[in-house]
There are 2 protein chains.
Amino acid sequence: MNAPKHMRGVWLQNQTIQVRDNLDVPRPQDNEALIKVLLAGICGTDVQLRRGYYPFSGIPGHEFVGEVVSAPGAQHLIGKRVVGEINIGCGHCALCAAGLHKHCSQRQVLGIKNRDGAFAQYLNLPVANLHEVPESLPDDKAVFAEPIAAAARILEQVNIGTEHKVIVIGAGRLGLLIAQVIKTTACQLQVITRHDRQRQILNQFDIPAMDEQHIPTQEADIVIEASGSPGGLQAAINAVKPTGTVVLKSTYAGETQLNFSRMVVNEINIVGSRCGRFEPALSLLQENTVDPTPLITSRFALSDAQRAFDMAASPGSLKVLFQP
Amino acid sequence: MNAPKHMRGVWLQNQTIQVRDNLDVPRPQDNEALIKVLLAGICGTDVQLRRGYYPFSGIPGHEFVGEVVSAPGAQHLIGKRVVGEINIGCGHCALCAAGLHKHCSQRQVLGIKNRDGAFAQYLNLPVANLHEVPESLPDDKAVFAEPIAAAARILEQVNIGTEHKVIVIGAGRLGLLIAQVIKTTACQLQVITRHDRQRQILNQFDIPAMDEQHIPTQEADIVIEASGSPGGLQAAINAVKPTGTVVLKSTYAGETQLNFSRMVVNEINIVGSRCGRFEPALSLLQENTVDPTPLITSRFALSDAQRAFDMAASPGSLKVLFQP
């Protein structure tokens, strides 16, 4: 399969998105693969990028499933369906040496930092970042590998067991995946919701939902903040019991005010949590332990990027997909 | 030894301190002991209480060494020198049942919350809170048991070893004790200082000091914030490396602004840390592993409370003691 020289894609600059038809198709280096994007998902971070959370100019998008078109150093991958980890470290620093590429200060991040992303017909990634998608896994599920990996990251950072009361604040596109991942621990789980559609989906997975008015005070062992709003952090601090843990999954622009003395007096832990490994995510999808498909709100062509982003930013919207 | 009915003490109300000569000497219940205060120390929290950090009215003070005067249910303690843990839980709730009295929502805290404290001639504490002071340990050291226990609490919460770069921000009355406690781990320790006297004391203990201008960026595995100022928290977040841990020891009034997205992206942990167990503190003192005596800035009679508090609140001041 040969790639054309030009492609259609979404271009983000100065908090504005445009559809462009004459973007250069990237040329893979020896250690890279050119991938034809089959499906790509809009994430909360993409919505925040358009709001100016981070000054990225280029093609956004970091959740995708695609097909390898060319790979000069890994011909066996051509024609294979893949998903891809999004961080590319410098490979030389102490953090990269420790396996923490995702924290390398010189890193590129697909569609977020110094590297064009997935809201286009093609993208380029190092072969080392790619994971083959099992044949049995449809595109509609595989496209969720990245956010499910981010959800599963929590389990690497915090010990969660059957004895723990766990609250997930926020049942949006990330919160609903986190809820399904956390349910695998058999803990006492409750998810704070705002919208009927969220409650329906949680009900479908047999996960208890709760209105935000009813969040208990200082009762939860672990609270996972996935609301995407600064108020969620204060709610999390209120809900966690002394010596408990708050996991922060949301990023948002600007600074947030917090009473830190309370954190000290109650000896609360706050854990920042970002990207995770793809292997457990693909397993969870293949076993059908996590089913992301009820989250798919709508699908758009790249030419409809403006509407797709507006839909993704609207309250109660879940996963919006691009079909390039 | 019989106690009089009235005593001299420091009274805090509406952010004002007064010396009163006609305070009632407390009467111990069956499970309590009346203690004649031999020495009491002014802590950063006391200074903050006068600034309105928490609306306490009564006798402040929670660092003390004293002599048991009466103990209806524990006569063998009479005449013994003791130090005392400062939290008294309800004894019935789930947190108390889990041994977390210090986090009981109904707790009293000596000189801080719903219980008169140590800046007086006498105080009252449950016998269960008391620890006998070894004969070889002078009052000047024993009076530091409480803050050293608070410093040693960090070692229960965070694993610190020889491979870790650790920065303590703040070399005040708590920071200098924390530095000595952390030094026992043989980690790569640096302490951020502001005053010559702090550097002299650190030098005496062979602990490297550093000016705040030279705090490294994203290099430390663990940063301990003990500066007592909100700026210290931002400095700690700047100094810790990705996936590292910030330990918060300072409490201060009001809210602090922070960019939490950075915490998420760098997967930083923040751990609130408060009171600790007295056993390790007394051991550290007895072995002379921690020597708090260079921190003693001055001693005052209770009648001089105003000057004592002003001295404790002045920059560069370390431990101010009351000799009731």
# chains A, B, ... in the order shown; residues from 1 in each chain; ligands from 1
call {"tool": "select_by_dssp", "arguments": {"residues": "region 204-256 of chain A", "states": "strand (DSSP E)", "output": "PyMOL selection string"}}
result
chain A and resi 209-211+220-225+240-248+256
call {"tool": "interface_residues", "arguments": {"of": "chain A", "to": "chain B", "cutoff": "9 Å", "atoms": "only C-alpha atoms", "output": "VMD selection string"}}
result
chain A and resid 95 100 102 to 104 230 241 to 243 245 247 to 275
call {"tool": "write_last_selection", "arguments": {"atoms": "C-alpha atoms", "output": "PDB file, in the first residue's frame"}}
result
ATOM      1  CA  LEU A  95      14.342   9.062  33.319  1.00  0.00           C
ATOM      2  CA  LEU A 100      10.129   6.519  32.499  1.00  0.00           C
ATOM      3  CA  LYS A 102       6.713   9.315  29.541  1.00  0.00           C
ATOM      4  CA  HIS A 103       8.378  11.665  32.037  1.00  0.00           C
ATOM      5  CA  CYS A 104      11.419  12.579  29.894  1.00  0.00           C
ATOM      6  CA  PRO A 230     -11.427  21.961  39.665  1.00  0.00           C
ATOM      7  CA  LYS A 241     -11.243   9.642  54.986  1.00  0.00           C
ATOM      8  CA  PRO A 242      -8.181  10.549  57.072  1.00  0.00           C
ATOM      9  CA  THR A 243      -5.034   8.753  55.818  1.00  0.00           C
ATOM     10  CA  THR A 245      -5.791   8.575  49.001  1.00  0.00           C
ATOM     11  CA  VAL A 247      -6.028   9.967  42.721  1.00  0.00           C
ATOM     12  CA  LEU A 248      -5.974  12.875  40.273  1.00  0.00           C
ATOM     13  CA  LYS A 249      -6.695  11.921  36.661  1.00  0.00           C
ATOM     14  CA  SER A 250      -8.011  15.227  35.288  1.00  0.00           C
ATOM     15  CA  THR A 251      -5.895  17.986  33.839  1.00  0.00           C
ATOM     16  CA  TYR A 252      -7.253  21.486  33.451  1.00  0.00           C
ATOM     17  CA  ALA A 253      -5.819  24.888  32.651  1.00  0.00           C
ATOM     18  CA  GLY A 254      -4.759  27.273  35.424  1.00  0.00           C
ATOM     19  CA  GLU A 255      -4.341  27.020  39.172  1.00  0.00           C
ATOM     20  CA  THR A 256      -6.733  25.670  41.767  1.00  0.00           C
ATOM     21  CA  GLN A 257      -7.106  26.855  45.351  1.00  0.00           C
ATOM     22  CA  LEU A 258      -6.963  24.278  48.092  1.00  0.00           C
ATOM     23  CA  ASN A 259      -6.715  24.227  51.871  1.00  0.00           C
ATOM     24  CA  PHE A 260      -3.529  22.232  52.300  1.00  0.00           C
ATOM     25  CA  SER A 261      -3.605  22.361  56.095  1.00  0.00           C
ATOM     26  CA  ARG A 262      -6.525  19.977  55.946  1.00  0.00           C
ATOM     27  CA  MET A 263      -4.412  17.607  53.856  1.00  0.00           C
ATOM     28  CA  VAL A 264      -1.710  17.699  56.530  1.00  0.00           C
ATOM     29  CA  VAL A 265      -4.050  17.349  59.506  1.00  0.00           C
ATOM     30  CA  ASN A 266      -5.923  14.440  57.879  1.00  0.00           C
ATOM     31  CA  GLU A 267      -2.702  12.975  56.442  1.00  0.00           C
ATOM     32  CA  ILE A 268      -4.262  12.636  53.003  1.00  0.00           C
ATOM     33  CA  ASN A 269      -2.260  11.376  50.023  1.00  0.00           C
ATOM     34  CA  ILE A 270      -2.766  12.904  46.598  1.00  0.00           C
ATOM     35  CA  VAL A 271      -1.450  10.897  43.667  1.00  0.00           C
ATOM     36  CA  GLY A 272      -1.144  12.332  40.176  1.00  0.00           C
ATOM     37  CA  SER A 273      -1.858   9.677  37.541  1.00  0.00           C
ATOM     38  CA  ARG A 274      -1.369   9.819  33.791  1.00  0.00           C
ATOM     39  CA  CYS A 275      -0.629   7.306  31.023  1.00  0.00           C
TER      40      CYS A 275
END
call {"tool": "atom_distance", "arguments": {"atom1": "CA of Ala118 (chain B)", "atom2": "CA of Glu135 (chain B)"}}
result
21.5 Å
call {"tool": "select_by_dssp", "arguments": {"residues": "region 78-261 of chain B", "states": "alpha helix (DSSP H)", "output": "number ranges by chain"}}
result
B: 94-97, 139-142, 145-157, 175-183, 196-204, 230-239, 260-261
call {"tool": "residues_around", "arguments": {"residues": "Leu38 (chain A)", "least_positions_apart": "2", "cutoff": "8 Å", "atoms": "only C-alpha atoms", "output": "list in words"}}
result
Lys36, Ala40, Phe64, Val65, Gly66, Glu67, Asp139, Gln323 and Pro324 of chain A
call {"tool": "residues_around", "arguments": {"residues": "Thr217 (chain B)", "least_positions_apart": "5", "cutoff": "12 Å", "atoms": "only C-alpha atoms", "output": "list in words"}}
result
Ser105 of chain A; Ile167, Glu212, Val223, Gln234, Ala235, Ala236, Ile237, Asn238, Ala239, Val240, Lys241 and Pro242 of chain B
call {"tool": "write_last_selection", "arguments": {"atoms": "all heavy atoms", "output": "PDB file, in the first residue's frame"}}
result
ATOM      1  N   SER A 105      12.002  14.938  30.055  1.00  0.00           N
ATOM      2  CA  SER A 105      11.716  16.377  29.884  1.00  0.00           C
ATOM      3  C   SER A 105      11.777  16.792  28.413  1.00  0.00           C
ATOM      4  O   SER A 105      11.247  17.822  28.030  1.00  0.00           O
ATOM      5  CB  SER A 105      12.689  17.214  30.710  1.00  0.00           C
ATOM      6  OG  SER A 105      13.997  17.086  30.190  1.00  0.00           O
TER       7      SER A 105
ATOM      8  N   ILE B 167      15.271  16.381  49.695  1.00  0.00           N
ATOM      9  CA  ILE B 167      15.429  17.800  50.037  1.00  0.00           C
ATOM     10  C   ILE B 167      14.427  18.143  51.128  1.00  0.00           C
ATOM     11  O   ILE B 167      13.241  17.812  51.016  1.00  0.00           O
ATOM     12  CB  ILE B 167      15.190  18.701  48.803  1.00  0.00           C
ATOM     13  CG1 ILE B 167      16.317  18.490  47.776  1.00  0.00           C
ATOM     14  CG2 ILE B 167      15.120  20.176  49.208  1.00  0.00           C
ATOM     15  CD1 ILE B 167      16.109  19.256  46.474  1.00  0.00           C
ATOM     16  N   GLU B 212      17.995  28.888  49.102  1.00  0.00           N
ATOM     17  CA  GLU B 212      16.773  28.590  48.345  1.00  0.00           C
ATOM     18  C   GLU B 212      16.907  28.936  46.860  1.00  0.00           C
ATOM     19  O   GLU B 212      16.213  28.364  46.024  1.00  0.00           O
ATOM     20  CB  GLU B 212      15.537  29.250  48.964  1.00  0.00           C
ATOM     21  CG  GLU B 212      15.625  30.742  49.140  1.00  0.00           C
ATOM     22  CD  GLU B 212      14.446  31.275  49.989  1.00  0.00           C
ATOM     23  OE1 GLU B 212      13.354  30.722  49.908  1.00  0.00           O
ATOM     24  OE2 GLU B 212      14.658  32.257  50.719  1.00  0.00           O
ATOM     25  N   VAL B 223      10.742  15.360  48.492  1.00  0.00           N
ATOM     26  CA  VAL B 223      10.919  16.705  49.033  1.00  0.00           C
ATOM     27  C   VAL B 223      10.004  16.850  50.240  1.00  0.00           C
ATOM     28  O   VAL B 223       8.812  16.518  50.162  1.00  0.00           O
ATOM     29  CB  VAL B 223      10.582  17.799  47.999  1.00  0.00           C
ATOM     30  CG1 VAL B 223      10.815  19.186  48.597  1.00  0.00           C
ATOM     31  CG2 VAL B 223      11.410  17.625  46.735  1.00  0.00           C
ATOM     32  N   GLN B 234       5.033  25.283  46.569  1.00  0.00           N
ATOM     33  CA  GLN B 234       5.331  25.433  45.142  1.00  0.00           C
ATOM     34  C   GLN B 234       6.796  25.074  44.880  1.00  0.00           C
ATOM     35  O   GLN B 234       7.105  24.410  43.886  1.00  0.00           O
ATOM     36  CB  GLN B 234       5.031  26.869  44.702  1.00  0.00           C
ATOM     37  CG  GLN B 234       5.073  27.074  43.197  1.00  0.00           C
ATOM     38  CD  GLN B 234       4.053  26.223  42.450  1.00  0.00           C
ATOM     39  OE1 GLN B 234       2.863  26.369  42.646  1.00  0.00           O
ATOM     40  NE2 GLN B 234       4.520  25.297  41.611  1.00  0.00           N
ATOM     41  N   ALA B 235       7.685  25.481  45.777  1.00  0.00           N
ATOM     42  CA  ALA B 235       9.100  25.143  45.624  1.00  0.00           C
ATOM     43  C   ALA B 235       9.296  23.628  45.661  1.00  0.00           C
ATOM     44  O   ALA B 235      10.107  23.071  44.906  1.00  0.00           O
ATOM     45  CB  ALA B 235       9.924  25.811  46.722  1.00  0.00           C
ATOM     46  N   ALA B 236       8.538  22.958  46.511  1.00  0.00           N
ATOM     47  CA  ALA B 236       8.651  21.504  46.619  1.00  0.00           C
ATOM     48  C   ALA B 236       8.206  20.824  45.329  1.00  0.00           C
ATOM     49  O   ALA B 236       8.864  19.905  44.831  1.00  0.00           O
ATOM     50  CB  ALA B 236       7.824  20.999  47.803  1.00  0.00           C
ATOM     51  N   ILE B 237       7.095  21.295  44.773  1.00  0.00           N
ATOM     52  CA  ILE B 237       6.582  20.728  43.516  1.00  0.00           C
ATOM     53  C   ILE B 237       7.602  20.942  42.396  1.00  0.00           C
ATOM     54  O   ILE B 237       7.779  20.094  41.525  1.00  0.00           O
ATOM     55  CB  ILE B 237       5.229  21.389  43.143  1.00  0.00           C
ATOM     56  CG1 ILE B 237       4.198  21.161  44.241  1.00  0.00           C
ATOM     57  CG2 ILE B 237       4.739  20.910  41.785  1.00  0.00           C
ATOM     58  CD1 ILE B 237       3.431  19.894  44.148  1.00  0.00           C
ATOM     59  N   ASN B 238       8.271  22.097  42.422  1.00  0.00           N
ATOM     60  CA  ASN B 238       9.291  22.367  41.402  1.00  0.00           C
ATOM     61  C   ASN B 238      10.512  21.467  41.565  1.00  0.00           C
ATOM     62  O   ASN B 238      11.152  21.092  40.592  1.00  0.00           O
ATOM     63  CB  ASN B 238       9.755  23.829  41.475  1.00  0.00           C
ATOM     64  CG  ASN B 238       8.662  24.797  41.068  1.00  0.00           C
ATOM     65  OD1 ASN B 238       7.689  24.411  40.430  1.00  0.00           O
ATOM     66  ND2 ASN B 238       8.814  26.046  41.459  1.00  0.00           N
ATOM     67  N   ALA B 239      10.843  21.129  42.796  1.00  0.00           N
ATOM     68  CA  ALA B 239      12.095  20.413  43.063  1.00  0.00           C
ATOM     69  C   ALA B 239      11.977  18.903  42.880  1.00  0.00           C
ATOM     70  O   ALA B 239      12.964  18.227  42.614  1.00  0.00           O
ATOM     71  CB  ALA B 239      12.575  20.717  44.482  1.00  0.00           C
ATOM     72  N   VAL B 240      10.761  18.376  43.007  1.00  0.00           N
ATOM     73  CA  VAL B 240      10.612  16.920  42.978  1.00  0.00           C
ATOM     74  C   VAL B 240      10.627  16.418  41.538  1.00  0.00           C
ATOM     75  O   VAL B 240      10.127  17.079  40.623  1.00  0.00           O
ATOM     76  CB  VAL B 240       9.321  16.493  43.708  1.00  0.00           C
ATOM     77  CG1 VAL B 240       8.087  16.766  42.868  1.00  0.00           C
ATOM     78  CG2 VAL B 240       9.386  15.028  44.126  1.00  0.00           C
ATOM     79  N   LYS B 241      11.207  15.257  41.334  1.00  0.00           N
ATOM     80  CA  LYS B 241      11.249  14.710  39.979  1.00  0.00           C
ATOM     81  C   LYS B 241       9.930  13.993  39.655  1.00  0.00           C
ATOM     82  O   LYS B 241       9.160  13.670  40.564  1.00  0.00           O
ATOM     83  CB  LYS B 241      12.443  13.772  39.838  1.00  0.00           C
ATOM     84  CG  LYS B 241      12.286  12.427  40.486  1.00  0.00           C
ATOM     85  CD  LYS B 241      13.495  11.560  40.177  1.00  0.00           C
ATOM     86  CE  LYS B 241      13.192  10.104  40.490  1.00  0.00           C
ATOM     87  NZ  LYS B 241      14.379   9.251  40.322  1.00  0.00           N
ATOM     88  N   PRO B 242       9.667  13.749  38.370  1.00  0.00           N
ATOM     89  CA  PRO B 242       8.449  13.017  38.027  1.00  0.00           C
ATOM     90  C   PRO B 242       8.357  11.687  38.779  1.00  0.00           C
ATOM     91  O   PRO B 242       9.380  11.019  38.965  1.00  0.00           O
ATOM     92  CB  PRO B 242       8.604  12.791  36.518  1.00  0.00           C
ATOM     93  CG  PRO B 242       9.430  13.951  36.053  1.00  0.00           C
ATOM     94  CD  PRO B 242      10.413  14.192  37.168  1.00  0.00           C
TER      95      PRO B 242
END
call {"tool": "residues_around", "arguments": {"residues": "Val109 (chain A)", "least_positions_apart": "6", "cutoff": "8 Å", "atoms": "only C-alpha atoms", "output": "PDB file with C-alpha atoms, in the first residue's frame"}}
result
ATOM      1  CA  ILE A  86       1.857   8.192  22.927  1.00  0.00           C
ATOM      2  CA  ASN A  87       5.081   9.239  24.695  1.00  0.00           C
ATOM      3  CA  ILE A  88       8.448   9.289  22.921  1.00  0.00           C
ATOM      4  CA  ARG A 115       4.506  15.676  17.525  1.00  0.00           C
TER       5      ARG A 115
END
call {"tool": "atom_distance", "arguments": {"atom1": "CA of Ala281 (chain A)", "atom2": "CA of Ala179 (chain A)"}}
result
13.7 Å
call {"tool": "residues_around", "arguments": {"residues": "region 186-201 of chain A", "least_positions_apart": "4", "cutoff": "9 Å", "atoms": "only C-alpha atoms", "output": "PyMOL selection string"}}
result
chain A and resi 160-172+175-176+179+182+205-212+214-215+227+294-295+315-316+318
call {"tool": "atom_distance", "arguments": {"atom1": "CA of Pro216 (chain B)", "atom2": "CA of Cys93 (chain A)"}}
result
16.3 Å
call {"tool": "residues_around", "arguments": {"residues": "Pro4 (chain A)", "least_positions_apart": "3", "cutoff": "9 Å", "atoms": "only C-alpha atoms", "output": "PyMOL selection string"}}
result
chain A and resi 7+24-25
call {"tool": "write_last_selection", "arguments": {"atoms": "N, CA and C atoms", "output": "mmCIF file, in the first residue's frame"}}
result
data_model
loop_
_atom_site.group_PDB
_atom_site.id
_atom_site.type_symbol
_atom_site.label_atom_id
_atom_site.label_comp_id
_atom_site.auth_asym_id
_atom_site.auth_seq_id
_atom_site.Cartn_x
_atom_site.Cartn_y
_atom_site.Cartn_z
ATOM 1 N N MET A 7 -2.473 14.837 2.772
ATOM 2 C CA MET A 7 -3.602 14.209 3.467
ATOM 3 C C MET A 7 -4.482 15.280 4.099
ATOM 4 N N ASP A 24 1.196 17.561 4.873
ATOM 5 C CA ASP A 24 2.162 16.558 4.419
ATOM 6 C C ASP A 24 1.926 15.239 5.138
ATOM 7 N N VAL A 25 1.904 14.158 4.381
ATOM 8 C CA VAL A 25 1.901 12.835 5.009
ATOM 9 C C VAL A 25 3.296 12.615 5.601
#
call {"tool": "decode", "arguments": {"residues": "region 125-138 of chain B", "atoms": "N, CA and C atoms", "output": "PDB file, in the first residue's frame"}}
result
ATOM      1  N   LEU B 125      -3.832  14.818  81.154  1.00  0.00           N
ATOM      2  CA  LEU B 125      -3.873  13.952  79.963  1.00  0.00           C
ATOM      3  C   LEU B 125      -4.279  12.546  80.392  1.00  0.00           C
ATOM      4  N   PRO B 126      -4.912  11.776  79.497  1.00  0.00           N
ATOM      5  CA  PRO B 126      -5.147  10.368  79.807  1.00  0.00           C
ATOM      6  C   PRO B 126      -3.818   9.642  80.053  1.00  0.00           C
ATOM      7  N   VAL B 127      -3.828   8.737  81.003  1.00  0.00           N
ATOM      8  CA  VAL B 127      -2.623   7.949  81.306  1.00  0.00           C
ATOM      9  C   VAL B 127      -2.142   7.214  80.057  1.00  0.00           C
ATOM     10  N   ALA B 128      -3.100   6.779  79.218  1.00  0.00           N
ATOM     11  CA  ALA B 128      -2.740   6.041  78.001  1.00  0.00           C
ATOM     12  C   ALA B 128      -1.884   6.870  77.053  1.00  0.00           C
ATOM     13  N   ASN B 129      -1.930   8.188  77.180  1.00  0.00           N
ATOM     14  CA  ASN B 129      -1.151   9.057  76.293  1.00  0.00           C
ATOM     15  C   ASN B 129       0.280   9.280  76.782  1.00  0.00           C
ATOM     16  N   LEU B 130       0.574   8.849  78.008  1.00  0.00           N
ATOM     17  CA  LEU B 130       1.858   9.221  78.627  1.00  0.00           C
ATOM     18  C   LEU B 130       2.968   8.220  78.331  1.00  0.00           C
ATOM     19  N   HIS B 131       4.169   8.740  78.258  1.00  0.00           N
ATOM     20  CA  HIS B 131       5.379   7.916  78.128  1.00  0.00           C
ATOM     21  C   HIS B 131       6.364   8.385  79.179  1.00  0.00           C
ATOM     22  N   GLU B 132       6.860   7.448  79.973  1.00  0.00           N
ATOM     23  CA  GLU B 132       7.872   7.809  80.965  1.00  0.00           C
ATOM     24  C   GLU B 132       9.151   8.233  80.264  1.00  0.00           C
ATOM     25  N   VAL B 133       9.796   9.219  80.825  1.00  0.00           N
ATOM     26  CA  VAL B 133      11.052   9.711  80.261  1.00  0.00           C
ATOM     27  C   VAL B 133      12.204   8.971  80.950  1.00  0.00           C
ATOM     28  N   PRO B 134      13.101   8.355  80.175  1.00  0.00           N
ATOM     29  CA  PRO B 134      14.244   7.671  80.794  1.00  0.00           C
ATOM     30  C   PRO B 134      15.044   8.637  81.669  1.00  0.00           C
ATOM     31  N   GLU B 135      15.591   8.139  82.775  1.00  0.00           N
ATOM     32  CA  GLU B 135      16.299   9.013  83.730  1.00  0.00           C
ATOM     33  C   GLU B 135      17.443   9.774  83.087  1.00  0.00           C
ATOM     34  N   SER B 136      18.112   9.110  82.122  1.00  0.00           N
ATOM     35  CA  SER B 136      19.296   9.727  81.517  1.00  0.00           C
ATOM     36  C   SER B 136      18.938  10.894  80.581  1.00  0.00           C
ATOM     37  N   LEU B 137      17.663  11.064  80.279  1.00  0.00           N
ATOM     38  CA  LEU B 137      17.261  12.079  79.291  1.00  0.00           C
ATOM     39  C   LEU B 137      16.871  13.375  80.004  1.00  0.00           C
ATOM     40  N   PRO B 138      17.633  14.447  79.788  1.00  0.00           N
ATOM     41  CA  PRO B 138      17.324  15.697  80.490  1.00  0.00           C
ATOM     42  C   PRO B 138      16.042  16.331  79.943  1.00  0.00           C
TER      43      PRO B 138
END
